[in-house]
Amino acid sequence: MAAATPRRQPTLDEVAERAGVSRSAASRVLNNAPYVSRPTREAVEKAIKELGYRPNRTARALATRQTGIVALALSHDDPALFADPFFAQVIVGVSAVLEETDLHLLLCLASSGRGRSRLTNLLQARGVDGIMLMALHGDDPLTGIVDRAGLPVVHGGRPLHVEPQWYVDSDNLGGARLATEHLLALGRTRIVTITGQMATQVGEARHRGYREAMIMAGREPYGMAESDFTEAGGAAAMKLLLDRHPDLDAVFAASDKMAAGALRVLSDAGRSVPADVAVVGFDDLDIAAQTDPPLTTVHQSIQALGREMARMLLALVAGESPTSLILPTSLIRRGSA
């Protein structure tokens, strides 16, 4: 009598298909990895039992090789950036989520050639399990470097002219429109704007929100000066706008730090705020409550931005497919407008 044909062992792909999850998610359940949702774990364990799947020990050993490190990379070359109130709050948010895991956070500055080379080497060596990107400008080479690495990637904000697969962003366009509509509702008609760098998506979106609000109100945008999101840059832009448009009656500055610089220049020029010129900022940083007068501004939850970036990356590392997020913004009214 002929020997019975040995029963073929089911594969991990078949387990994933039966469970309705990705192969990487099934692998992480099999290896008892963290950051896997309960429904995913239960579905995979059920499929393993139903199919009688037995893991290959060698493949399992390879699959569990994780670094325990995730990176936050910024297209910037100044270490002082990490003391910036905005990025400091992002880091607080990211760290709050990672503290609940065994993952460590690596901070990388990668705008210079040397910085990009170091990051490239790190990614090629699989020195991290995933990466978060922020502060990208235009066609930033950092995007290509990270894409080629084939690691989970989450963008904090979006690159200009590119829609990444996974990102967390604030409603920059809607917030800028809200700020400008508030100034229009106050009866201001000669509203100028101080933008951030127009080579960034956030700078372009906040400028577009201003323009849309003006045009929808039947008014042409009155004046614009590009700056760099710093207090000194905001002061320089305000001086320029006063020279060009001495009759301006309102300013929308695309960040609180630029608005603080603008307030200082307006005071030096003898312009009363808000009687002569109303001013609105964006971000709702601590400085907004400390200016004279306190700054009306657009609030975005910066720590939430960091938290959601980290949560999204953890989901990707776990083999899941999260949904990108745009966080809401709101107007905080204070004394400047």
# chains A, B, ... in the order shown; residues from 1 in each chain; ligands from 1
>>> closest_atom_pairs(of="range 114-183 of chain A", to="range 68-73 of chain A", cutoff="12 Å", atoms="only C-alpha atoms", output="Markdown table")
| residue | atom | partner | partner_atom | distance |
| --- | --- | --- | --- | --- |
| A:Gly115 | CA | A:Ala73 | CA | 9.9 |
| A:Arg116 | CA | A:Ala73 | CA | 9.8 |
| A:Arg118 | CA | A:Ala73 | CA | 11.3 |
| A:Leu119 | CA | A:Ala73 | CA | 8.4 |
| A:Thr120 | CA | A:Ala73 | CA | 11.4 |
| A:Leu122 | CA | A:Ala71 | CA | 9.9 |
| A:Leu123 | CA | A:Ala71 | CA | 9.8 |
| A:Arg126 | CA | A:Ile69 | CA | 10.0 |
| A:Gly127 | CA | A:Ile69 | CA | 7.5 |
| A:Val128 | CA | A:Ile69 | CA | 5.0 |
| A:Asp129 | CA | A:Val70 | CA | 5.5 |
| A:Gly130 | CA | A:Val70 | CA | 5.0 |
| A:Ile131 | CA | A:Ala71 | CA | 4.6 |
| A:Met132 | CA | A:Leu72 | CA | 4.7 |
| A:Leu133 | CA | A:Ala73 | CA | 5.0 |
| A:Met134 | CA | A:Ala73 | CA | 6.4 |
| A:Ala135 | CA | A:Ala73 | CA | 8.7 |
| A:Leu136 | CA | A:Ala73 | CA | 9.7 |
| A:Leu142 | CA | A:Ala73 | CA | 9.0 |
| A:Thr143 | CA | A:Ala73 | CA | 10.6 |
| A:Ile145 | CA | A:Ala73 | CA | 11.5 |
| A:Val146 | CA | A:Ala73 | CA | 9.9 |
| A:Leu151 | CA | A:Val70 | CA | 10.4 |
| A:Pro152 | CA | A:Val70 | CA | 9.7 |
| A:Val153 | CA | A:Ala71 | CA | 9.6 |
| A:Val154 | CA | A:Leu72 | CA | 9.4 |
| A:His155 | CA | A:Leu72 | CA | 9.6 |
| A:Gly156 | CA | A:Leu72 | CA | 9.5 |
>>> write_last_selection(atoms="N, CA, C and O atoms", output="compact mmCIF listing (two decimals), in the first residue's frame")
# COMPACT_ATOMS: atom_id res chain seq x y z
N GLY A 115 24.49 65.28 8.31
CA GLY A 115 23.35 64.76 9.05
C GLY A 115 22.56 63.74 8.25
O GLY A 115 22.14 62.71 8.77
N ARG A 116 22.36 64.02 6.95
CA ARG A 116 21.63 63.07 6.10
C ARG A 116 22.42 61.78 5.92
O ARG A 116 21.85 60.69 5.87
N ARG A 118 24.54 60.44 8.07
CA ARG A 118 24.44 59.66 9.31
C ARG A 118 23.10 58.96 9.41
O ARG A 118 23.02 57.80 9.82
N LEU A 119 22.02 59.68 9.03
CA LEU A 119 20.69 59.07 9.08
C LEU A 119 20.59 57.94 8.07
O LEU A 119 20.01 56.88 8.36
N THR A 120 21.14 58.13 6.88
CA THR A 120 21.12 57.07 5.86
C THR A 120 21.80 55.81 6.38
O THR A 120 21.27 54.70 6.23
N LEU A 122 22.23 54.93 9.47
CA LEU A 122 21.41 54.37 10.55
C LEU A 122 20.27 53.53 10.00
O LEU A 122 20.00 52.42 10.47
N LEU A 123 19.60 54.05 8.97
CA LEU A 123 18.45 53.35 8.40
C LEU A 123 18.88 52.12 7.64
O LEU A 123 18.23 51.07 7.70
N ARG A 126 19.38 49.25 9.71
CA ARG A 126 18.17 48.92 10.47
C ARG A 126 18.38 49.22 11.96
O ARG A 126 18.05 48.42 12.84
N GLY A 127 18.91 50.43 12.22
CA GLY A 127 19.19 50.83 13.59
C GLY A 127 17.98 51.30 14.36
O GLY A 127 18.07 51.56 15.56
N VAL A 128 16.85 51.44 13.66
CA VAL A 128 15.61 51.85 14.31
C VAL A 128 14.47 51.00 13.76
O VAL A 128 14.56 50.43 12.67
N ASP A 129 13.38 50.92 14.52
CA ASP A 129 12.21 50.17 14.07
C ASP A 129 11.23 51.01 13.26
O ASP A 129 10.37 50.48 12.57
N GLY A 130 11.36 52.32 13.36
CA GLY A 130 10.47 53.22 12.63
C GLY A 130 10.94 54.65 12.82
O GLY A 130 11.82 54.92 13.65
N ILE A 131 10.36 55.57 12.05
CA ILE A 131 10.85 56.95 12.08
C ILE A 131 9.70 57.94 11.92
O ILE A 131 8.73 57.69 11.19
N MET A 132 9.81 59.06 12.63
CA MET A 132 8.89 60.19 12.49
C MET A 132 9.66 61.35 11.87
O MET A 132 10.79 61.63 12.28
N LEU A 133 9.06 62.02 10.90
CA LEU A 133 9.71 63.12 10.19
C LEU A 133 8.98 64.42 10.45
O LEU A 133 7.75 64.47 10.44
N MET A 134 9.76 65.52 10.62
CA MET A 134 9.16 66.84 10.81
C MET A 134 10.03 67.90 10.15
O MET A 134 11.21 67.69 9.86
N ALA A 135 9.42 69.09 9.94
CA ALA A 135 10.11 70.30 9.48
C ALA A 135 10.72 70.13 8.09
O ALA A 135 11.81 70.61 7.83
N LEU A 136 9.99 69.44 7.20
CA LEU A 136 10.50 69.26 5.85
C LEU A 136 10.24 70.50 5.00
O LEU A 136 9.22 71.16 5.14
N LEU A 142 15.37 64.32 2.46
CA LEU A 142 15.11 63.42 3.59
C LEU A 142 13.97 62.47 3.28
O LEU A 142 13.97 61.32 3.71
N THR A 143 12.99 62.94 2.51
CA THR A 143 11.84 62.09 2.17
C THR A 143 12.30 60.86 1.40
O THR A 143 11.91 59.73 1.71
N ILE A 145 15.32 59.55 1.27
CA ILE A 145 16.21 58.72 2.10
C ILE A 145 15.38 57.77 2.96
O ILE A 145 15.68 56.57 3.05
N VAL A 146 14.33 58.29 3.56
CA VAL A 146 13.50 57.47 4.45
C VAL A 146 12.67 56.48 3.64
O VAL A 146 12.51 55.32 4.04
N LEU A 151 11.19 51.37 6.03
CA LEU A 151 10.75 51.27 7.42
C LEU A 151 9.43 52.00 7.60
O LEU A 151 9.05 52.86 6.80
N PRO A 152 8.69 51.71 8.68
CA PRO A 152 7.48 52.48 8.98
C PRO A 152 7.82 53.96 9.16
O PRO A 152 8.78 54.30 9.87
N VAL A 153 7.05 54.84 8.52
CA VAL A 153 7.32 56.28 8.54
C VAL A 153 6.03 57.03 8.82
O VAL A 153 5.00 56.78 8.19
N VAL A 154 6.09 57.98 9.76
CA VAL A 154 4.97 58.89 10.03
C VAL A 154 5.48 60.32 9.90
O VAL A 154 6.51 60.67 10.46
N HIS A 155 4.75 61.13 9.17
CA HIS A 155 5.11 62.53 9.01
C HIS A 155 4.34 63.38 10.02
O HIS A 155 3.12 63.22 10.19
N GLY A 156 5.05 64.28 10.67
CA GLY A 156 4.43 65.30 11.50
C GLY A 156 4.26 66.54 10.64
O GLY A 156 5.23 67.22 10.33
>>> residues_around(residues="Thr200 in chain A", least_positions_apart="2", cutoff="12 Å", atoms="only C-alpha atoms", output="PDB file with all heavy atoms, in the first residue's frame")
ATOM      1  N   SER A  75      14.375  68.090   9.600  1.00  0.00           N
ATOM      2  CA  SER A  75      15.206  68.671   8.548  1.00  0.00           C
ATOM      3  C   SER A  75      15.703  70.021   9.030  1.00  0.00           C
ATOM      4  O   SER A  75      15.233  71.087   8.620  1.00  0.00           O
ATOM      5  CB  SER A  75      14.397  68.820   7.252  1.00  0.00           C
ATOM      6  OG  SER A  75      15.236  69.197   6.194  1.00  0.00           O
ATOM      7  N   MET A 134       9.759  65.521  10.623  1.00  0.00           N
ATOM      8  CA  MET A 134       9.157  66.841  10.806  1.00  0.00           C
ATOM      9  C   MET A 134      10.029  67.905  10.149  1.00  0.00           C
ATOM     10  O   MET A 134      11.205  67.688   9.860  1.00  0.00           O
ATOM     11  CB  MET A 134       8.983  67.179  12.290  1.00  0.00           C
ATOM     12  CG  MET A 134       7.972  66.322  13.009  1.00  0.00           C
ATOM     13  SD  MET A 134       7.456  67.081  14.565  1.00  0.00           S
ATOM     14  CE  MET A 134       6.424  68.418  13.961  1.00  0.00           C
ATOM     15  N   ALA A 135       9.417  69.090   9.939  1.00  0.00           N
ATOM     16  CA  ALA A 135      10.107  70.299   9.475  1.00  0.00           C
ATOM     17  C   ALA A 135      10.716  70.128   8.091  1.00  0.00           C
ATOM     18  O   ALA A 135      11.808  70.606   7.826  1.00  0.00           O
ATOM     19  CB  ALA A 135      11.182  70.739  10.481  1.00  0.00           C
ATOM     20  N   LEU A 136       9.992  69.436   7.196  1.00  0.00           N
ATOM     21  CA  LEU A 136      10.503  69.258   5.846  1.00  0.00           C
ATOM     22  C   LEU A 136      10.242  70.502   5.000  1.00  0.00           C
ATOM     23  O   LEU A 136       9.220  71.164   5.139  1.00  0.00           O
ATOM     24  CB  LEU A 136       9.846  68.047   5.182  1.00  0.00           C
ATOM     25  CG  LEU A 136      10.062  66.703   5.882  1.00  0.00           C
ATOM     26  CD1 LEU A 136       9.465  65.581   5.050  1.00  0.00           C
ATOM     27  CD2 LEU A 136      11.538  66.437   6.137  1.00  0.00           C
ATOM     28  N   HIS A 137      11.182  70.793   4.094  1.00  0.00           N
ATOM     29  CA  HIS A 137      11.082  71.949   3.216  1.00  0.00           C
ATOM     30  C   HIS A 137      11.045  71.487   1.765  1.00  0.00           C
ATOM     31  O   HIS A 137      11.928  70.747   1.321  1.00  0.00           O
ATOM     32  CB  HIS A 137      12.283  72.890   3.391  1.00  0.00           C
ATOM     33  CG  HIS A 137      12.325  73.558   4.726  1.00  0.00           C
ATOM     34  ND1 HIS A 137      12.599  72.877   5.888  1.00  0.00           N
ATOM     35  CD2 HIS A 137      12.111  74.843   5.087  1.00  0.00           C
ATOM     36  CE1 HIS A 137      12.562  73.720   6.914  1.00  0.00           C
ATOM     37  NE2 HIS A 137      12.279  74.920   6.453  1.00  0.00           N
ATOM     38  N   GLY A 138      10.039  71.926   1.015  1.00  0.00           N
ATOM     39  CA  GLY A 138       9.987  71.691  -0.422  1.00  0.00           C
ATOM     40  C   GLY A 138      10.283  70.254  -0.789  1.00  0.00           C
ATOM     41  O   GLY A 138       9.755  69.308  -0.201  1.00  0.00           O
ATOM     42  N   ASP A 139      11.134  70.064  -1.787  1.00  0.00           N
ATOM     43  CA  ASP A 139      11.536  68.723  -2.210  1.00  0.00           C
ATOM     44  C   ASP A 139      12.700  68.249  -1.350  1.00  0.00           C
ATOM     45  O   ASP A 139      13.835  68.101  -1.816  1.00  0.00           O
ATOM     46  CB  ASP A 139      11.919  68.736  -3.695  1.00  0.00           C
ATOM     47  CG  ASP A 139      10.751  69.116  -4.579  1.00  0.00           C
ATOM     48  OD1 ASP A 139       9.617  68.752  -4.225  1.00  0.00           O
ATOM     49  OD2 ASP A 139      10.973  69.781  -5.595  1.00  0.00           O
ATOM     50  N   ASP A 140      12.434  68.016  -0.096  1.00  0.00           N
ATOM     51  CA  ASP A 140      13.475  67.675   0.864  1.00  0.00           C
ATOM     52  C   ASP A 140      14.038  66.289   0.569  1.00  0.00           C
ATOM     53  O   ASP A 140      13.279  65.310   0.443  1.00  0.00           O
ATOM     54  CB  ASP A 140      12.905  67.708   2.282  1.00  0.00           C
ATOM     55  CG  ASP A 140      13.968  67.853   3.345  1.00  0.00           C
ATOM     56  OD1 ASP A 140      14.895  67.024   3.347  1.00  0.00           O
ATOM     57  OD2 ASP A 140      13.874  68.779   4.164  1.00  0.00           O
ATOM     58  N   GLY A 157       3.024  66.843  10.225  1.00  0.00           N
ATOM     59  CA  GLY A 157       2.823  67.799   9.148  1.00  0.00           C
ATOM     60  C   GLY A 157       3.073  67.090   7.829  1.00  0.00           C
ATOM     61  O   GLY A 157       3.482  65.919   7.789  1.00  0.00           O
ATOM     62  N   ARG A 158       2.818  67.818   6.737  1.00  0.00           N
ATOM     63  CA  ARG A 158       3.000  67.201   5.416  1.00  0.00           C
ATOM     64  C   ARG A 158       4.031  67.966   4.612  1.00  0.00           C
ATOM     65  O   ARG A 158       4.109  69.189   4.704  1.00  0.00           O
ATOM     66  CB  ARG A 158       1.665  67.196   4.663  1.00  0.00           C
ATOM     67  CG  ARG A 158       0.668  66.183   5.190  1.00  0.00           C
ATOM     68  CD  ARG A 158      -0.724  66.467   4.693  1.00  0.00           C
ATOM     69  NE  ARG A 158      -1.333  67.581   5.406  1.00  0.00           N
ATOM     70  CZ  ARG A 158      -2.521  68.097   5.109  1.00  0.00           C
ATOM     71  NH1 ARG A 158      -3.201  67.616   4.098  1.00  0.00           N
ATOM     72  NH2 ARG A 158      -3.007  69.099   5.817  1.00  0.00           N
ATOM     73  N   PRO A 159       4.829  67.257   3.814  1.00  0.00           N
ATOM     74  CA  PRO A 159       5.751  67.956   2.921  1.00  0.00           C
ATOM     75  C   PRO A 159       4.964  68.756   1.883  1.00  0.00           C
ATOM     76  O   PRO A 159       3.813  68.442   1.580  1.00  0.00           O
ATOM     77  CB  PRO A 159       6.538  66.814   2.252  1.00  0.00           C
ATOM     78  CG  PRO A 159       6.262  65.605   3.080  1.00  0.00           C
ATOM     79  CD  PRO A 159       4.930  65.803   3.707  1.00  0.00           C
ATOM     80  N   LEU A 160       5.596  69.777   1.337  1.00  0.00           N
ATOM     81  CA  LEU A 160       4.960  70.594   0.313  1.00  0.00           C
ATOM     82  C   LEU A 160       4.805  69.783  -0.973  1.00  0.00           C
ATOM     83  O   LEU A 160       5.747  69.131  -1.423  1.00  0.00           O
ATOM     84  CB  LEU A 160       5.805  71.841   0.054  1.00  0.00           C
ATOM     85  CG  LEU A 160       5.171  72.962  -0.781  1.00  0.00           C
ATOM     86  CD1 LEU A 160       3.949  73.540  -0.081  1.00  0.00           C
ATOM     87  CD2 LEU A 160       6.193  74.061  -1.037  1.00  0.00           C
ATOM     88  N   HIS A 161       3.597  69.815  -1.549  1.00  0.00           N
ATOM     89  CA  HIS A 161       3.286  69.165  -2.824  1.00  0.00           C
ATOM     90  C   HIS A 161       3.313  67.642  -2.753  1.00  0.00           C
ATOM     91  O   HIS A 161       3.317  66.984  -3.792  1.00  0.00           O
ATOM     92  CB  HIS A 161       4.243  69.627  -3.936  1.00  0.00           C
ATOM     93  CG  HIS A 161       4.376  71.115  -4.072  1.00  0.00           C
ATOM     94  ND1 HIS A 161       3.278  71.947  -4.090  1.00  0.00           N
ATOM     95  CD2 HIS A 161       5.471  71.913  -4.166  1.00  0.00           C
ATOM     96  CE1 HIS A 161       3.688  73.206  -4.211  1.00  0.00           C
ATOM     97  NE2 HIS A 161       5.011  73.205  -4.239  1.00  0.00           N
ATOM     98  N   VAL A 162       3.346  67.072  -1.565  1.00  0.00           N
ATOM     99  CA  VAL A 162       3.366  65.611  -1.426  1.00  0.00           C
ATOM    100  C   VAL A 162       2.347  65.205  -0.365  1.00  0.00           C
ATOM    101  O   VAL A 162       2.220  65.869   0.657  1.00  0.00           O
ATOM    102  CB  VAL A 162       4.771  65.104  -1.015  1.00  0.00           C
ATOM    103  CG1 VAL A 162       4.751  63.601  -0.775  1.00  0.00           C
ATOM    104  CG2 VAL A 162       5.801  65.447  -2.081  1.00  0.00           C
ATOM    105  N   ASN A 172      -4.097  73.689   9.435  1.00  0.00           N
ATOM    106  CA  ASN A 172      -3.444  74.982   9.250  1.00  0.00           C
ATOM    107  C   ASN A 172      -4.258  75.920   8.365  1.00  0.00           C
ATOM    108  O   ASN A 172      -4.386  77.107   8.658  1.00  0.00           O
ATOM    109  CB  ASN A 172      -2.050  74.759   8.647  1.00  0.00           C
ATOM    110  CG  ASN A 172      -1.123  74.052   9.606  1.00  0.00           C
ATOM    111  OD1 ASN A 172      -0.842  74.547  10.689  1.00  0.00           O
ATOM    112  ND2 ASN A 172      -0.658  72.878   9.224  1.00  0.00           N
ATOM    113  N   THR A 195       3.808  85.589   6.836  1.00  0.00           N
ATOM    114  CA  THR A 195       3.793  84.147   6.618  1.00  0.00           C
ATOM    115  C   THR A 195       5.064  83.504   7.150  1.00  0.00           C
ATOM    116  O   THR A 195       6.074  84.168   7.383  1.00  0.00           O
ATOM    117  CB  THR A 195       3.682  83.803   5.121  1.00  0.00           C
ATOM    118  OG1 THR A 195       4.952  84.019   4.491  1.00  0.00           O
ATOM    119  CG2 THR A 195       2.625  84.652   4.433  1.00  0.00           C
ATOM    120  N   GLY A 196       4.996  82.180   7.323  1.00  0.00           N
ATOM    121  CA  GLY A 196       6.208  81.411   7.523  1.00  0.00           C
ATOM    122  C   GLY A 196       6.851  81.131   6.179  1.00  0.00           C
ATOM    123  O   GLY A 196       6.421  81.673   5.145  1.00  0.00           O
ATOM    124  N   GLN A 197       7.884  80.298   6.170  1.00  0.00           N
ATOM    125  CA  GLN A 197       8.557  79.994   4.904  1.00  0.00           C
ATOM    126  C   GLN A 197       7.562  79.367   3.931  1.00  0.00           C
ATOM    127  O   GLN A 197       6.894  78.388   4.250  1.00  0.00           O
ATOM    128  CB  GLN A 197       9.730  79.032   5.117  1.00  0.00           C
ATOM    129  CG  GLN A 197      10.868  79.604   5.927  1.00  0.00           C
ATOM    130  CD  GLN A 197      10.839  79.116   7.364  1.00  0.00           C
ATOM    131  OE1 GLN A 197       9.771  78.966   7.963  1.00  0.00           O
ATOM    132  NE2 GLN A 197      12.004  78.867   7.928  1.00  0.00           N
ATOM    133  N   MET A 198       7.492  79.942   2.738  1.00  0.00           N
ATOM    134  CA  MET A 198       6.552  79.442   1.743  1.00  0.00           C
ATOM    135  C   MET A 198       7.039  78.154   1.095  1.00  0.00           C
ATOM    136  O   MET A 198       6.315  77.537   0.312  1.00  0.00           O
ATOM    137  CB  MET A 198       6.294  80.515   0.691  1.00  0.00           C
ATOM    138  CG  MET A 198       5.605  81.759   1.257  1.00  0.00           C
ATOM    139  SD  MET A 198       3.968  81.392   1.942  1.00  0.00           S
ATOM    140  CE  MET A 198       3.046  81.170   0.419  1.00  0.00           C
ATOM    141  N   VAL A 202       3.220  74.097   5.883  1.00  0.00           N
ATOM    142  CA  VAL A 202       2.518  74.868   6.902  1.00  0.00           C
ATOM    143  C   VAL A 202       2.513  76.352   6.547  1.00  0.00           C
ATOM    144  O   VAL A 202       1.505  77.044   6.719  1.00  0.00           O
ATOM    145  CB  VAL A 202       3.145  74.623   8.300  1.00  0.00           C
ATOM    146  CG1 VAL A 202       4.590  75.071   8.355  1.00  0.00           C
ATOM    147  CG2 VAL A 202       2.351  75.323   9.382  1.00  0.00           C
ATOM    148  N   GLY A 203       3.628  76.866   6.007  1.00  0.00           N
ATOM    149  CA  GLY A 203       3.667  78.261   5.596  1.00  0.00           C
ATOM    150  C   GLY A 203       2.703  78.536   4.464  1.00  0.00           C
ATOM    151  O   GLY A 203       1.955  79.524   4.467  1.00  0.00           O
ATOM    152  N   GLU A 204       2.679  77.631   3.480  1.00  0.00           N
ATOM    153  CA  GLU A 204       1.800  77.807   2.325  1.00  0.00           C
ATOM    154  C   GLU A 204       0.340  77.683   2.728  1.00  0.00           C
ATOM    155  O   GLU A 204      -0.517  78.458   2.286  1.00  0.00           O
ATOM    156  CB  GLU A 204       2.162  76.756   1.265  1.00  0.00           C
ATOM    157  CG  GLU A 204       1.474  76.931  -0.069  1.00  0.00           C
ATOM    158  CD  GLU A 204       0.093  76.318  -0.105  1.00  0.00           C
ATOM    159  OE1 GLU A 204      -0.175  75.379   0.687  1.00  0.00           O
ATOM    160  OE2 GLU A 204      -0.744  76.773  -0.917  1.00  0.00           O
ATOM    161  N   ALA A 205       0.010  76.714   3.595  1.00  0.00           N
ATOM    162  CA  ALA A 205      -1.382  76.492   3.981  1.00  0.00           C
ATOM    163  C   ALA A 205      -1.934  77.660   4.785  1.00  0.00           C
ATOM    164  O   ALA A 205      -3.083  78.079   4.583  1.00  0.00           O
ATOM    165  CB  ALA A 205      -1.498  75.195   4.779  1.00  0.00           C
ATOM    166  N   ARG A 206      -1.148  78.209   5.699  1.00  0.00           N
ATOM    167  CA  ARG A 206      -1.645  79.336   6.507  1.00  0.00           C
ATOM    168  C   ARG A 206      -1.786  80.596   5.656  1.00  0.00           C
ATOM    169  O   ARG A 206      -2.701  81.393   5.875  1.00  0.00           O
ATOM    170  CB  ARG A 206      -0.715  79.556   7.705  1.00  0.00           C
ATOM    171  CG  ARG A 206      -0.780  78.408   8.698  1.00  0.00           C
ATOM    172  CD  ARG A 206       0.123  78.587   9.917  1.00  0.00           C
ATOM    173  NE  ARG A 206       0.120  77.374  10.728  1.00  0.00           N
ATOM    174  CZ  ARG A 206       0.804  77.209  11.850  1.00  0.00           C
ATOM    175  NH1 ARG A 206       1.579  78.193  12.310  1.00  0.00           N
ATOM    176  NH2 ARG A 206       0.741  76.068  12.519  1.00  0.00           N
ATOM    177  N   HIS A 207      -0.921  80.765   4.678  1.00  0.00           N
ATOM    178  CA  HIS A 207      -1.083  81.896   3.763  1.00  0.00           C
ATOM    179  C   HIS A 207      -2.330  81.713   2.901  1.00  0.00           C
ATOM    180  O   HIS A 207      -3.099  82.660   2.678  1.00  0.00           O
ATOM    181  CB  HIS A 207       0.149  82.028   2.868  1.00  0.00           C
ATOM    182  CG  HIS A 207       0.053  83.141   1.883  1.00  0.00           C
ATOM    183  ND1 HIS A 207       0.137  82.957   0.520  1.00  0.00           N
ATOM    184  CD2 HIS A 207      -0.153  84.482   2.063  1.00  0.00           C
ATOM    185  CE1 HIS A 207      -0.003  84.114  -0.102  1.00  0.00           C
ATOM    186  NE2 HIS A 207      -0.178  85.051   0.815  1.00  0.00           N
ATOM    187  N   GLU A 226       6.976  87.492   3.803  1.00  0.00           N
ATOM    188  CA  GLU A 226       7.402  86.151   4.197  1.00  0.00           C
ATOM    189  C   GLU A 226       8.454  86.236   5.292  1.00  0.00           C
ATOM    190  O   GLU A 226       9.352  87.074   5.242  1.00  0.00           O
ATOM    191  CB  GLU A 226       7.977  85.401   2.995  1.00  0.00           C
ATOM    192  CG  GLU A 226       8.390  83.971   3.307  1.00  0.00           C
ATOM    193  CD  GLU A 226       8.866  83.211   2.083  1.00  0.00           C
ATOM    194  OE1 GLU A 226       8.761  83.766   0.958  1.00  0.00           O
ATOM    195  OE2 GLU A 226       9.344  82.075   2.243  1.00  0.00           O
ATOM    196  N   SER A 227       8.331  85.353   6.270  1.00  0.00           N
ATOM    197  CA  SER A 227       9.287  85.330   7.371  1.00  0.00           C
ATOM    198  C   SER A 227       9.666  83.884   7.679  1.00  0.00           C
ATOM    199  O   SER A 227       9.500  83.004   6.830  1.00  0.00           O
ATOM    200  CB  SER A 227       8.706  86.050   8.592  1.00  0.00           C
ATOM    201  OG  SER A 227       9.679  86.189   9.599  1.00  0.00           O
ATOM    202  N   ASP A 228      10.119  83.629   8.917  1.00  0.00           N
ATOM    203  CA  ASP A 228      10.714  82.327   9.218  1.00  0.00           C
ATOM    204  C   ASP A 228      10.227  81.716  10.523  1.00  0.00           C
ATOM    205  O   ASP A 228      10.903  80.876  11.117  1.00  0.00           O
ATOM    206  CB  ASP A 228      12.226  82.466   9.274  1.00  0.00           C
ATOM    207  CG  ASP A 228      12.683  83.477  10.330  1.00  0.00           C
ATOM    208  OD1 ASP A 228      11.819  84.089  11.003  1.00  0.00           O
ATOM    209  OD2 ASP A 228      13.908  83.649  10.492  1.00  0.00           O
ATOM    210  N   PHE A 229       9.063  82.138  11.022  1.00  0.00           N
ATOM    211  CA  PHE A 229       8.459  81.611  12.244  1.00  0.00           C
ATOM    212  C   PHE A 229       9.204  82.023  13.517  1.00  0.00           C
ATOM    213  O   PHE A 229       8.932  81.494  14.590  1.00  0.00           O
ATOM    214  CB  PHE A 229       8.347  80.075  12.213  1.00  0.00           C
ATOM    215  CG  PHE A 229       7.368  79.554  11.191  1.00  0.00           C
ATOM    216  CD1 PHE A 229       7.818  78.824  10.109  1.00  0.00           C
ATOM    217  CD2 PHE A 229       6.010  79.791  11.319  1.00  0.00           C
ATOM    218  CE1 PHE A 229       6.932  78.341   9.156  1.00  0.00           C
ATOM    219  CE2 PHE A 229       5.113  79.306  10.376  1.00  0.00           C
ATOM    220  CZ  PHE A 229       5.576  78.589   9.297  1.00  0.00           C
TER     221      PHE A 229
END
>>> residues_around(residues="Pro294 in chain A", least_positions_apart="6", cutoff="8 Å", atoms="only C-alpha atoms", output="number ranges by chain")
A: 288, 334-336
>>> select_by_dssp(residues="range 33-251 of chain A", states="strand (DSSP E)", output="number ranges by chain")
A: 69-74, 104-109, 130-134, 153-156, 167-170, 191-195, 223-226, 250-251
>>> write_last_selection(atoms="C-alpha atoms", output="tab-separated table (two decimals), in the first residue's frame")
chain	number	residue	atom	x	y	z
A	69	ILE	CA	14.40	52.37	19.10
A	70	VAL	CA	12.33	54.80	17.04
A	71	ALA	CA	13.67	58.05	15.58
A	72	LEU	CA	12.31	61.58	15.34
A	73	ALA	CA	14.19	63.25	12.49
A	74	LEU	CA	14.00	66.94	11.68
A	104	HIS	CA	13.48	54.49	23.19
A	105	LEU	CA	13.44	57.78	21.26
A	106	LEU	CA	16.38	58.89	19.11
A	107	LEU	CA	16.46	62.55	18.00
A	108	CYS	CA	18.15	63.29	14.65
A	109	LEU	CA	19.00	66.58	12.93
A	130	GLY	CA	10.47	53.22	12.63
A	131	ILE	CA	10.85	56.95	12.08
A	132	MET	CA	8.89	60.19	12.49
A	133	LEU	CA	9.71	63.12	10.19
A	134	MET	CA	9.16	66.84	10.81
A	153	VAL	CA	7.32	56.28	8.54
A	154	VAL	CA	4.97	58.89	10.03
A	155	HIS	CA	5.11	62.53	9.01
A	156	GLY	CA	4.43	65.30	11.50
A	167	TYR	CA	0.81	61.72	8.68
A	168	VAL	CA	-0.53	63.76	11.58
A	169	ASP	CA	-1.17	67.42	10.89
A	170	SER	CA	-3.10	70.39	12.27
A	191	ILE	CA	-5.42	93.14	6.87
A	192	VAL	CA	-1.84	92.09	6.15
A	193	THR	CA	-0.21	88.75	6.87
A	194	ILE	CA	3.23	87.64	8.01
A	195	THR	CA	3.79	84.15	6.62
A	223	GLY	CA	-0.24	92.76	1.94
A	224	MET	CA	2.15	89.90	2.70
A	225	ALA	CA	5.69	89.52	3.99
A	226	GLU	CA	7.40	86.15	4.20
A	250	ALA	CA	-4.79	94.36	11.24
A	251	VAL	CA	-2.11	91.67	11.11
>>> closest_residue(among="A:Gly234, A:Gly175, A:Gly187, A:Gly209", to="Thr297 in chain A", atoms="only C-alpha atoms")
A:Gly175
>>> atom_distance(atom1="CA of Thr40 in chain A", atom2="CA of Gln303 in chain A")
28.0 Å
>>> residues_around(residues="range 13-25 of chain A", least_positions_apart="6", cutoff="9 Å", atoms="only C-alpha atoms", output="list in words")
Val36, Thr40, Arg41, Glu42, Ala43, Val44, Glu45, Lys46, Ala47, Ile48, Leu51, Tyr53, Val317, Ala318, Gly319, Glu320 and Ser321 of chain A
>>> closest_residue(among="A:Leu81, A:Leu327, A:Leu295, A:Ala185", to="Met309 in chain A", atoms="only C-alpha atoms")
A:Leu327
